[in-house]
Amino acid sequence: MFFARQVCAQEPVVPPAQAAPGSLEAALAVEDPSERIAALKKFIKTNIIPEQSRTALEAIVAGWAQLGETRLGENEIEKAVADFRSAISAIPETATDRFFETTIVRIPQVVSLRGYRNEAIELARTLEKKYKGEAARLAAIGDFYIGIEAPIDAIRVLEAAVTSNEDDARVRRSLGAAYRMGLRLDESITEYQQAIRIDPGDKRA
């Protein structure tokens, strides 16, 4: 399971047997995702170290995503989507780029790979609202839409990304791909040209 592996990647160096009760290490070591989420929430209430709080918040998101993926495997799609919504609601404002790339944007991807396209698009649209004005993260969501051949959604989010950052070659290139998929070929050419203008070495454009 993808998100179970992500949770394991967050586990601290301190072995569970040596973790102090009530510590971040002890909370992260809890195997059951529901119990882990509860332990992490309890830890956050008393913690005063920002870096540890962010780690705990990210682990809560990963825990909800793990629950959702488990329910996907059991074909409980409504409960799974509810868990993924909880994961998105729990995303901290300080989430790192690495966590966004390895966990957050993977939520709709995992749902789509299970064959639940409409539900995946709904979750991706929720992420759009979360990252309004953040070009790089909107571009990643746009790439997800391109991957599932949803050009209308891809064009919408990538146009918003370009508005936020006109000089990002990657965003321009992705928008060019979205226009091409939507058969808006003149606009596609323009965006690819813009990508090359910004980054003459962009071979993909």
# chains A, B, ... in the order shown; residues from 1 in each chain; ligands from 1
>>> select_by_dssp(residues="chain A", states="alpha helix (DSSP H)", output="ChimeraX atom specification")
/A:2-10,24-28,33-46,50-73,77-89,97-99,106-113,117-130,135-147,151-164,169-181,185-198
>>> closest_atom_pairs(of="stretch 44-72 of chain A", to="stretch 114-119 of chain A", cutoff="12 Å", atoms="only C-alpha atoms", output="Markdown table")
| residue | atom | partner | partner_atom | distance |
| --- | --- | --- | --- | --- |
| A:Gly68 | CA | A:Arg114 | CA | 11.8 |
| A:Glu69 | CA | A:Arg114 | CA | 9.5 |
| A:Thr70 | CA | A:Arg114 | CA | 11.6 |
| A:Arg71 | CA | A:Arg114 | CA | 11.3 |
| A:Leu72 | CA | A:Arg114 | CA | 7.5 |
>>> closest_residue(among="A:Ala160, A:Val110, A:Leu123, A:Ala62", to="A:Val81", atoms="only C-alpha atoms")
A:Leu123
>>> residues_around(residues="stretch 106-108 of chain A", least_positions_apart="4", cutoff="9 Å", atoms="only C-alpha atoms", output="number ranges by chain")
A: 3, 65, 69, 84, 87-88, 100-102, 112-113, 117, 119-124, 144
>>> atom_distance(atom1="atom CA of A:Ala95", atom2="atom CA of A:Phe43")
17.9 Å
